[in-house]
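S.K.: My structure is in run_27.cif, and what it holds is mmCIF, C-alpha atoms:
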```cif
data_upload
#
loop_
_atom_site.label_atom_id
_atom_site.label_comp_id
_atom_site.auth_asym_id
_atom_site.auth_seq_id
_atom_site.Cartn_x
_atom_site.Cartn_y
_atom_site.Cartn_z
CA MET A 1 30.76 148.05 96.51
CA ILE A 2 28.14 146.27 94.41
CA LEU A 3 24.70 147.86 94.00
CA TYR A 4 21.92 145.29 93.77
CA PRO A 5 18.65 146.61 92.28
CA ALA A 6 15.79 144.83 94.01
CA ILE A 7 12.75 143.20 92.45
CA ASP A 8 10.28 142.15 95.13
CA LEU A 9 7.61 139.81 93.80
CA LYS A 10 4.05 139.59 95.12
CA ASP A 11 1.33 137.85 93.12
CA GLY A 12 3.55 138.00 90.02
CA GLN A 13 3.99 141.78 90.21
CA CYS A 14 6.90 144.08 91.12
CA VAL A 15 6.07 145.66 94.46
CA ARG A 16 7.71 147.37 97.42
CA LEU A 17 6.52 146.88 100.96
CA LEU A 18 6.75 149.29 103.88
CA ARG A 19 8.61 147.60 106.76
CA GLY A 20 7.64 144.17 105.45
CA GLU A 21 3.87 144.66 105.68
CA MET A 22 2.21 142.70 102.88
CA ASP A 23 -0.92 144.88 103.01
CA ALA A 24 1.27 147.99 102.60
CA ALA A 25 2.45 147.02 99.12
CA THR A 26 2.96 149.53 96.32
CA VAL A 27 2.79 147.97 92.86
CA PHE A 28 5.48 149.26 90.50
CA GLY A 29 4.83 147.03 87.53
CA ASP A 30 3.23 143.83 86.29
CA ASP A 31 6.14 142.68 84.12
CA PRO A 32 9.06 141.79 86.42
CA ALA A 33 11.14 140.43 83.51
CA ALA A 34 10.89 143.76 81.68
CA GLN A 35 11.94 145.56 84.87
CA ALA A 36 14.92 143.24 85.23
CA ALA A 37 15.93 143.95 81.64
CA LYS A 38 15.77 147.71 82.36
CA PHE A 39 18.05 147.33 85.36
CA GLU A 40 20.50 145.30 83.30
CA ALA A 41 20.41 147.86 80.48
CA ALA A 42 21.34 150.55 83.02
CA GLY A 43 24.51 148.61 83.76
CA CYS A 44 23.91 146.68 86.98
CA ASP A 45 26.22 143.77 87.77
CA TRP A 46 23.72 141.82 89.91
CA LEU A 47 20.00 141.64 90.66
CA HIS A 48 18.36 140.94 94.02
CA LEU A 49 15.04 139.06 93.83
CA VAL A 50 12.58 138.34 96.63
CA ASP A 51 9.60 135.99 96.52
CA LEU A 52 7.47 137.78 99.11
CA ASN A 53 4.58 135.32 98.98
CA GLY A 54 7.11 132.51 99.28
CA ALA A 55 8.61 134.02 102.42
CA PHE A 56 5.24 133.68 104.14
CA ALA A 57 4.23 130.37 102.53
CA GLY A 58 7.56 128.65 103.11
CA THR A 59 7.72 127.42 99.50
CA PRO A 60 8.27 129.16 96.14
CA VAL A 61 5.14 131.03 94.98
CA ASN A 62 6.43 133.44 92.31
CA ALA A 63 8.49 130.84 90.47
CA ALA A 64 7.05 131.76 87.06
CA ALA A 65 8.05 135.40 87.47
CA VAL A 66 11.55 134.45 88.65
CA GLU A 67 12.03 132.08 85.71
CA ALA A 68 10.86 134.80 83.29
CA ILE A 69 13.46 137.16 84.78
CA LEU A 70 16.23 134.57 84.47
CA ALA A 71 15.28 134.03 80.83
CA ARG A 72 15.66 137.77 80.08
CA ILE A 73 18.90 138.70 81.85
CA THR A 74 22.55 137.76 81.52
CA VAL A 75 23.77 139.26 84.82
CA PRO A 76 23.75 137.04 87.93
CA ALA A 77 20.76 137.15 90.28
CA GLN A 78 20.21 136.14 93.88
CA LEU A 79 16.84 135.11 95.33
CA GLY A 80 15.35 134.92 98.79
CA GLY A 81 11.92 133.92 100.04
CA GLY A 82 10.50 130.46 100.67
CA ILE A 83 13.76 128.56 100.19
CA ARG A 84 13.80 126.17 103.12
CA ASP A 85 15.07 122.78 101.93
CA MET A 86 17.90 121.32 99.88
CA ALA A 87 15.61 120.31 97.00
CA THR A 88 14.42 123.90 96.53
CA ILE A 89 17.99 125.22 96.74
CA ALA A 90 19.14 122.75 94.08
CA MET A 91 16.10 123.49 91.89
CA TRP A 92 16.75 127.23 91.83
CA LEU A 93 20.46 126.90 91.16
CA GLU A 94 19.75 124.46 88.32
CA LYS A 95 17.34 127.02 86.83
CA GLY A 96 20.14 129.56 86.61
CA LEU A 97 20.16 131.54 89.83
CA ALA A 98 23.67 132.53 90.85
CA ARG A 99 22.87 132.55 94.56
CA VAL A 100 20.09 131.57 96.94
CA ILE A 101 19.42 133.47 100.16
CA LEU A 102 18.46 131.46 103.23
CA GLY A 103 16.73 133.45 105.96
CA THR A 104 14.23 131.64 108.15
CA VAL A 105 16.10 128.33 107.96
CA ALA A 106 19.30 130.04 109.06
CA VAL A 107 17.61 130.38 112.45
CA GLU A 108 15.47 127.25 112.47
CA ASN A 109 17.80 124.80 110.71
CA PRO A 110 21.39 126.12 110.60
CA THR A 111 22.63 122.65 109.68
CA LEU A 112 20.88 123.01 106.31
CA VAL A 113 22.78 126.25 105.66
CA ARG A 114 26.07 124.50 106.35
CA GLU A 115 25.18 121.51 104.16
CA ALA A 116 24.02 123.77 101.32
CA ALA A 117 27.11 126.02 101.50
CA LYS A 118 29.29 122.92 101.30
CA ALA A 119 27.29 121.38 98.44
CA PHE A 120 27.08 124.64 96.44
CA PRO A 121 30.23 126.68 97.18
CA GLY A 122 29.82 130.41 96.62
CA GLN A 123 26.11 130.08 95.88
CA VAL A 124 24.53 130.27 99.32
CA ALA A 125 23.96 133.53 101.22
CA VAL A 126 22.29 134.07 104.58
CA GLY A 127 19.61 136.72 104.99
CA ILE A 128 19.61 138.34 108.42
CA ASP A 129 16.51 140.46 108.93
CA ALA A 130 16.51 142.30 112.23
CA ARG A 131 14.35 144.63 114.23
CA LYS A 132 16.29 146.48 116.97
CA GLY A 133 19.09 143.94 116.61
CA ARG A 134 16.90 140.85 116.98
CA VAL A 135 16.29 138.50 114.06
CA ALA A 136 12.80 138.11 112.58
CA THR A 137 11.75 135.13 110.43
CA LYS A 138 8.88 133.89 108.22
CA GLY A 139 8.58 137.06 106.18
CA TRP A 140 9.48 139.13 109.26
CA ALA A 141 6.24 138.01 110.92
CA THR A 142 7.95 136.06 113.72
CA GLU A 143 10.25 137.77 116.22
CA THR A 144 13.05 135.74 117.79
CA ASP A 145 15.48 136.28 120.66
CA VAL A 146 18.43 135.64 118.35
CA MET A 147 20.77 138.61 117.99
CA ALA A 148 21.85 139.45 114.43
CA THR A 149 25.56 139.51 115.26
CA ASP A 150 25.40 136.15 117.04
CA LEU A 151 23.66 134.57 114.05
CA ALA A 152 26.22 136.04 111.66
CA ARG A 153 29.16 134.79 113.71
CA SER A 154 27.66 131.29 113.90
CA PHE A 155 28.24 130.90 110.14
CA GLU A 156 31.83 132.16 110.07
CA ASP A 157 33.23 128.73 109.25
CA ALA A 158 30.36 127.54 107.04
CA GLY A 159 31.55 128.84 103.67
CA VAL A 160 28.62 131.25 103.26
CA ALA A 161 29.11 133.58 100.27
CA ALA A 162 27.50 136.67 101.80
CA LEU A 163 25.25 138.01 104.53
CA ILE A 164 22.32 140.22 103.52
CA TYR A 165 21.54 142.40 106.53
CA THR A 166 18.17 144.14 106.57
CA ASP A 167 17.07 146.62 109.19
CA ILE A 168 13.32 145.98 109.04
CA ASP A 169 12.32 149.32 110.53
CA ARG A 170 14.17 151.09 107.70
CA ASP A 171 12.89 148.92 104.84
CA GLY A 172 10.82 150.77 102.26
CA ALA A 173 10.66 153.84 104.51
CA MET A 174 13.07 155.95 102.43
CA GLY A 175 14.70 157.19 105.64
CA GLY A 176 18.23 155.99 105.00
CA PRO A 177 19.93 152.72 105.94
CA ASN A 178 21.20 151.83 109.40
CA ILE A 179 24.83 152.39 108.46
CA ASP A 180 26.20 152.05 112.00
CA ALA A 181 24.57 148.66 112.63
CA THR A 182 25.50 147.36 109.19
CA GLU A 183 29.11 148.47 109.53
CA ALA A 184 29.33 146.97 113.01
CA LEU A 185 28.07 143.64 111.70
CA ALA A 186 30.50 143.75 108.77
CA ARG A 187 33.38 144.36 111.17
CA ALA A 188 32.26 141.51 113.44
CA VAL A 189 32.62 138.83 110.75
CA THR A 190 34.81 137.97 107.79
CA ILE A 191 31.83 137.10 105.56
CA PRO A 192 30.98 139.89 103.05
CA VAL A 193 27.98 141.91 104.25
CA ILE A 194 25.38 143.44 101.93
CA ALA A 195 23.25 146.29 103.31
CA SER A 196 19.49 146.30 102.78
CA GLY A 197 16.65 148.49 104.00
CA GLY A 198 16.24 152.23 103.64
CA VAL A 199 18.81 152.91 100.92
CA SER A 200 17.14 155.97 99.43
CA SER A 201 19.75 158.29 97.95
CA LEU A 202 23.10 158.42 96.21
CA GLN A 203 24.48 159.85 99.46
CA ASP A 204 23.35 156.70 101.30
CA LEU A 205 25.24 154.55 98.82
CA ILE A 206 28.37 156.67 99.07
CA ALA A 207 28.22 156.53 102.88
CA LEU A 208 27.91 152.74 102.82
CA ARG A 209 30.78 152.45 100.35
CA ASP A 210 32.96 154.80 102.36
CA THR A 211 32.84 152.54 105.42
CA GLY A 212 35.38 150.55 103.44
CA ILE A 213 33.96 147.28 104.77
CA ILE A 214 30.39 146.91 103.41
CA ALA A 215 30.49 144.77 100.28
CA GLY A 216 27.15 145.65 98.69
CA ALA A 217 23.88 147.52 98.97
CA ILE A 218 20.36 146.64 97.90
CA SER A 219 17.92 149.33 96.77
CA GLY A 220 14.38 149.03 95.51
CA ARG A 221 11.85 151.80 96.10
CA ALA A 222 14.41 154.58 95.52
CA LEU A 223 15.13 153.21 92.04
CA TYR A 224 11.44 152.94 91.17
CA ASP A 225 10.64 156.39 92.56
CA GLY A 226 13.58 157.95 90.76
CA ALA A 227 15.28 159.07 93.98
CA ILE A 228 18.34 157.16 92.77
CA ASP A 229 19.34 157.15 89.11
CA LEU A 230 20.75 153.65 88.67
CA ALA A 231 23.17 154.47 85.87
CA VAL A 232 24.55 157.47 87.77
CA ALA A 233 24.81 155.49 91.00
CA LEU A 234 26.69 152.64 89.33
CA LYS A 235 29.13 155.06 87.72
CA THR A 236 29.65 156.91 91.02
CA LEU A 237 30.32 153.74 93.00
CA LYS A 238 32.93 152.62 90.48
CA SER A 239 34.74 155.97 90.42
#
```
For the file at hand, write its structure as structure tokens.
M.R.:
Amino acid sequence: MILYPAIDLKDGQCVRLLRGEMDAATVFGDDPAAQAAKFEAAGCDWLHLVDLNGAFAGTPVNAAAVEAILARITVPAQLGGGIRDMATIAMWLEKGLARVILGTVAVENPTLVREAAKAFPGQVAVGIDARKGRVATKGWATETDVMATDLARSFEDAGVAALIYTDIDRDGAMGGPNIDATEALARAVTIPVIASGGVSSLQDLIALRDTGIIAGAISGRALYDGAIDLAVALKTLKS
């Protein structure tokens, strides 16, 4: 199972939100590229980046910070937030991102997801952010009646590289991930599923890994707070 350290970007800074609330942001640093370099030095294989402002605006806002990160690291990175058209997808992949994450458009314009996955094989993931099983969009501000599992299954034949499943109520709360819901989703589809939201201890990571079906886990606040030692976690997951 791959561990993805998360760098959430708001106004050019590294932050973590509590359950997606922009006014409940904790700033962890004003040099995202330096943070990315630290994560790479600890041995991570991937980085997970989020343009929080972009998720609300619908277009890239923290592009300068993302580009600075890409200039500093050699490991692959994936990015979500504000990526809602083919031109933006192509732009980010040309700048060196390994993978883009499509969230809101996966609900509002699933045809774009299919076209992008076909045009850029292995480089398009779908972000499924859910509250009590129902998908939320536009930076989690808009609730929908779409069920997470139904959305996931709708992309089974699209060539999507991965699904990033976030339980919004767990995100940033340090209360542990929703392992049951994540495992159930992973077993409902053949697309690799990456867990996000609430991963707050080494035990959480081991429990996710031990499902035998979850392909990855994203952690942010726990790494910044020191609740998870990244180097130790990476070594444990590989053992």
S.K.: Between atom CA of Asp145 of chain A and atom CA of Thr111 of chain A, what is the distance, to one decimal in Å?
M.R.: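 Separation between atom CA of Asp145 of chain A and atom CA of Thr111 of chain A: 18.9 Å.
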S.K.: Of the candidates A:Pro192, A:Gly226, A:Gly216, A:Pro177, which shows the shortest atom-to-atom distance to Tyr4 of chain A, using only C-alpha atoms?
M.R.: A:Gly216
S.K.: Separation of atom CA of Lys138 of chain A and atom CA of Arg84 of chain A, in Å?
M.R.: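 Pair atom CA of Lys138 of chain A / atom CA of Arg84 of chain A returns 10.5 Å.
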S.K.: I want to know what sits within 8 Å of Ala55 of chain A, based on all atoms listed in the file, with residues of the same chain fewer than 4 positions away left out; could you give that as a list of chain:residue names?
M.R.: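 Residues meeting the cut-off are A:Asp51, A:Thr59, A:Pro60, A:Gly80, A:Gly81, A:Gly82, A:Ile83, A:Lys138, A:Gly139.
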S.K.: Let me see the file: selected residues, C-alpha atoms, as a PDB file, keeping the file's coordinate frame.
M.R.:
```pdb
ATOM      1  CA  ASP A  51       9.600 135.990  96.520  1.00  0.00           C
ATOM      2  CA  THR A  59       7.720 127.420  99.500  1.00  0.00           C
ATOM      3  CA  PRO A  60       8.270 129.160  96.140  1.00  0.00           C
ATOM      4  CA  GLY A  80      15.350 134.920  98.790  1.00  0.00           C
ATOM      5  CA  GLY A  81      11.920 133.920 100.040  1.00  0.00           C
ATOM      6  CA  GLY A  82      10.500 130.460 100.670  1.00  0.00           C
ATOM      7  CA  ILE A  83      13.760 128.560 100.190  1.00  0.00           C
ATOM      8  CA  LYS A 138       8.880 133.890 108.220  1.00  0.00           C
ATOM      9  CA  GLY A 139       8.580 137.060 106.180  1.00  0.00           C
TER      10      GLY A 139
END
```
S.K.: Closest to Ser219 of chain A among A:Ile69, A:Ala57, A:Ala195, A:Ala231, using all atoms listed in the file?
M.R.: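 Among A:Ile69, A:Ala57, A:Ala195, A:Ala231, it is A:Ala195 that comes nearest to Ser219 of chain A.
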